[in-house]
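Structure first, commentary second.
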Amino acid sequence: MHLKSILFIFCFLSILTEGISQTNKKPNIVLFFVDDMGWKDPAFMGSDYHETPHLDQFASEGMVFHNAYSAGPNCAPSRACMISGQYTPRHGKVAVWNSKRGIEEQMRLEPIPDQGLPLENYTLAEALNDGGYKTAIFGKWHIAGTPAEQGFDVNGETDASEINFKETDDPKDIFSLTEKACNFMEENKDEPFFLFLSHHTVHTKWEARQPMIEYFEQKEKGKIHKNAKYAAMVKHTDDSMGMIMDKLKSLGLDDNTIVFFTSDNGAIGKVKQTPLRGAKGMLYEGGIRVPLVVRWPSKIKPSNSTTPIINIDFYPTMLDLAGINKAKDKVLDGESFTPILEGKKEKLSRSTIYYHYPIYLDGKNARGARDAYFRNRPVTVAIQGDWKLLLFHEEYVLDGGEAKIASNQMVELYNLKDDPSEKKDLSKIETKKRDQLLKDLKKWMEKTNAPLAMKKTPENYRPVYKRGSNKSKMTH
């Protein structure tokens, strides 16, 4: 046999073997997690000013979820819920380090203390790691302990307070974090990996390179969005997605990699999410509705879904996609939405999404808030189909409970389909739906041991948090 023929056969077999290897390998998983990006911030979700060409292309190739939710209205609780696959009563991470933030005289109850995510909680990263995945985080952790203690082989955690934009010209380390993520993918291209790229953008303090800011300053402002520096920061985040997708394609991993794109909670109050009410820190839709796209070219057809998805669903979904069984003693509150991604179903089996936030979160005169003092007072929420019920602990505990429900303002009820802005409280009109949702909510609270905020007593009194005493941790 001629030498050329032998070389041709050798090359052909090498290519064939590589193709079979990639086909048989478990899919890689990338979680592109943005900090504080609102539901309507990307152009593909309706921004009339921001430019997100890479995300727009990504969305056109994946499944876009238009009714996606974070599991918390601000950073730490949402992240703890996502990585644990559990609602807040299961793990106790209910606040950003302190559940008592604001003017003490305006707090009618003593909030439930916050705790860090317990190290014994078997996380998504641990489950994937035990299932044969190389795991890495780059960016924000913000839960408790360290990523290394919770299942990550590579700990690229960074603290926002240590990032110096003036020295690096790299806003919130967007580009350096992305480069590290790309290097991780290249180093582990031959084994399945889970990459958690957890950006500090687009959280305040807003930072962007000056040429990009100037570009948006010269652009005509939108009716919804109009801040040039914020738009520039969104664009830099979009550039990061472009770098990730280009790297996957150059490594030949694109078809066998599932990429999730989402945000940890809604946008801050300065960035409108019309028609949604409220913002980060609130349990109104503007604080918890987020963009979500899942892309897997070989398995997921480009499409749109209105099925409500919450980030506690990521845990069981990723295990499903990776072919990993759930640990027998692990309680998961989320539900896998793999059948929806595969086009086999349009809805999940669960009927209701819940939130439990027995805390006070400061925010004087915050846009869309219930009162002028707090973004959040102790509250528990149920979203069931088009309906949403908010149960406020102060009125429930101190103002007569259900016996006085007609007058004590303990609940609010909204039809999200007819009223996404949550302007018309129907709790005194749709009383049958109100009572049914309240009954379901109380059953869920009992099932998950969700504690109400407490009446104030000398025994449970804790000094109120003073703004500035721990500034680096208390700006979320």
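Going by the structure tokens order, chains are called A, B, ..., each with residues numbered from 1, while ligands are numbered from 1 in the order shown.
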Name the residues of stretch 13-206 of chain A that come out as strand (DSSP E) in a backbone DSSP run; write them as a VMD selection string. chain A and resid 28 to 34 63 to 69 134 to 139 154 to 157 193 to 198
Could you take the residues named above and write them with C-alpha atoms, as a compact mmCIF listing (two decimals), in the first residue's frame?
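Result file result-v2.txt:
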# COMPACT_ATOMS: atom_id res chain seq x y z
CA ASN A 28 -20.84 20.42 28.07
CA ILE A 29 -22.90 22.94 30.05
CA VAL A 30 -22.26 26.68 30.18
CA LEU A 31 -24.25 28.93 32.50
CA PHE A 32 -23.82 32.57 31.43
CA PHE A 33 -25.13 34.40 34.48
CA VAL A 34 -25.51 38.20 34.47
CA MET A 63 -35.39 28.60 23.02
CA VAL A 64 -36.43 31.96 24.48
CA PHE A 65 -38.51 31.87 27.66
CA HIS A 66 -40.65 34.99 27.98
CA ASN A 67 -42.00 34.19 31.45
CA ALA A 68 -38.75 33.31 33.21
CA TYR A 69 -38.13 34.11 36.87
CA LYS A 134 -15.02 19.22 35.37
CA THR A 135 -16.54 22.26 37.08
CA ALA A 136 -15.45 25.90 37.21
CA ILE A 137 -16.75 29.28 38.31
CA PHE A 138 -15.40 32.61 37.17
CA GLY A 139 -16.75 35.77 38.76
CA VAL A 154 -11.66 25.54 39.51
CA ASN A 155 -12.44 28.48 41.76
CA GLY A 156 -12.18 31.72 39.82
CA GLU A 157 -14.31 33.67 42.29
CA PHE A 193 -17.33 20.46 31.69
CA PHE A 194 -19.68 22.76 33.57
CA LEU A 195 -18.71 26.41 33.24
CA PHE A 196 -20.42 28.95 35.49
CA LEU A 197 -19.50 32.37 34.09
CA SER A 198 -20.94 34.61 36.78
Contacts between stretch 357-364 of chain A and stretch 58-102 of chain A, please, where a residue of stretch 58-102 of chain A counts if it comes within 7 Å (with only C-alpha atoms); show its shortest atom pair and distance in Å to one decimal, rows by chain and ascending number, as a Markdown table.
| residue | atom | partner | partner_atom | distance |
| --- | --- | --- | --- | --- |
| A:Val94 | CA | A:Tyr357 | CA | 6.1 |
| A:Ser99 | CA | A:Ile359 | CA | 4.9 |
| A:Lys100 | CA | A:Tyr360 | CA | 5.2 |
| A:Arg101 | CA | A:Leu361 | CA | 5.1 |
| A:Gly102 | CA | A:Asp362 | CA | 4.5 |
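Neighbours of A:Lys442 closer than or equal to 10 Å, with only C-alpha atoms counted and sequence neighbours fewer than 4 positions away skipped, come out as Thr380, Ala382, Leu391, Leu437, Leu438, Glu446, Lys447, Thr448 and Ala450 of chain A.
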Since we have the selection now, will you write its residues out, keeping N, CA and C atoms, as a compact mmCIF listing (two decimals), in the first residue's frame?
# COMPACT_ATOMS: atom_id res chain seq x y z
N THR A 380 -44.69 36.59 51.44
CA THR A 380 -44.65 35.29 50.78
C THR A 380 -45.56 35.37 49.56
N ALA A 382 -47.24 33.59 45.81
CA ALA A 382 -47.58 32.45 44.95
C ALA A 382 -47.98 32.97 43.58
N LEU A 391 -48.74 37.72 50.15
CA LEU A 391 -49.17 37.71 51.55
C LEU A 391 -48.16 38.48 52.38
N LEU A 437 -55.88 30.61 46.45
CA LEU A 437 -54.43 30.80 46.39
C LEU A 437 -53.82 30.91 47.79
N LEU A 438 -54.52 31.58 48.70
CA LEU A 438 -54.03 31.71 50.06
C LEU A 438 -53.97 30.35 50.75
N GLU A 446 -46.35 25.40 55.18
CA GLU A 446 -46.29 24.32 56.17
C GLU A 446 -45.38 23.20 55.69
N LYS A 447 -45.48 22.86 54.42
CA LYS A 447 -44.67 21.78 53.85
C LYS A 447 -43.18 22.10 53.90
N THR A 448 -42.81 23.34 53.66
CA THR A 448 -41.40 23.73 53.60
C THR A 448 -40.90 24.35 54.91
N ALA A 450 -41.72 27.19 56.26
CA ALA A 450 -41.41 28.59 55.97
C ALA A 450 -41.89 29.47 57.13
Interatomic distance between atom CA of A:Ile143 and atom CA of A:Ile83?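 Going from atom CA of A:Ile143 over to atom CA of A:Ile83 covers 9.5 Å.
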A:Thr123: which residues within 8 Å, counting only C-alpha atoms, same-chain residues fewer than 5 positions away excluded, as a ChimeraX atom specification? /A:83-85,150-151
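Residue nearest A:Lys455 within the list A:Glu110, A:Glu346, A:Glu422, A:Asp320: A:Glu110 [criterion: smallest interatomic distance, only C-alpha atoms].
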What residues in stretch 32-156 of chain A get the DSSP label alpha helix (DSSP H)? Please answer as a PyMOL selection string. chain A and resi 53-60+75-84+88-91+124-130
For A:Arg90, find every residue with an atom within 12 Å (counting only C-alpha atoms), except residues of its own chain fewer than 2 positions away, and show them as a PyMOL selection string. chain A and resi 77+80-81+84-88+92-94+115-118+121+312+330-333+355-356+444-451
Atoms kept (C-alpha atoms) for selection, written as an mmCIF file, in the first residue's frame:
data_model
loop_
_atom_site.group_PDB
_atom_site.id
_atom_site.type_symbol
_atom_site.label_atom_id
_atom_site.label_comp_id
_atom_site.auth_asym_id
_atom_site.auth_seq_id
_atom_site.Cartn_x
_atom_site.Cartn_y
_atom_site.Cartn_z
ATOM 1 C CA PRO A 77 -30.941 34.472 47.702
ATOM 2 C CA ALA A 80 -28.429 30.146 46.601
ATOM 3 C CA CYS A 81 -31.754 28.904 45.243
ATOM 4 C CA SER A 84 -29.204 24.323 45.545
ATOM 5 C CA GLY A 85 -32.357 23.766 43.455
ATOM 6 C CA GLN A 86 -34.398 24.755 46.491
ATOM 7 C CA TYR A 87 -36.678 27.524 47.729
ATOM 8 C CA THR A 88 -35.397 29.804 50.497
ATOM 9 C CA GLY A 92 -32.188 29.817 54.862
ATOM 10 C CA LYS A 93 -30.363 32.197 52.529
ATOM 11 C CA VAL A 94 -33.089 34.847 52.547
ATOM 12 C CA GLN A 115 -27.853 32.397 57.042
ATOM 13 C CA GLY A 116 -25.321 31.269 54.490
ATOM 14 C CA LEU A 117 -26.021 28.327 52.223
ATOM 15 C CA PRO A 118 -25.082 25.342 54.444
ATOM 16 C CA ASN A 121 -26.333 21.306 50.982
ATOM 17 C CA ILE A 312 -34.469 26.391 40.805
ATOM 18 C CA LYS A 330 -31.574 15.518 47.894
ATOM 19 C CA VAL A 331 -34.834 17.474 47.963
ATOM 20 C CA LEU A 332 -35.350 19.478 44.778
ATOM 21 C CA ASP A 333 -38.120 22.067 44.576
ATOM 22 C CA TYR A 355 -41.324 32.978 47.039
ATOM 23 C CA HIS A 356 -40.658 33.425 50.754
ATOM 24 C CA TRP A 444 -46.727 25.194 50.884
ATOM 25 C CA MET A 445 -45.432 27.196 53.863
ATOM 26 C CA GLU A 446 -46.294 24.318 56.175
ATOM 27 C CA LYS A 447 -44.672 21.781 53.847
ATOM 28 C CA THR A 448 -41.399 23.725 53.602
ATOM 29 C CA ASN A 449 -41.383 25.009 57.229
ATOM 30 C CA ALA A 450 -41.411 28.589 55.974
ATOM 31 C CA PRO A 451 -41.371 30.860 59.055
#
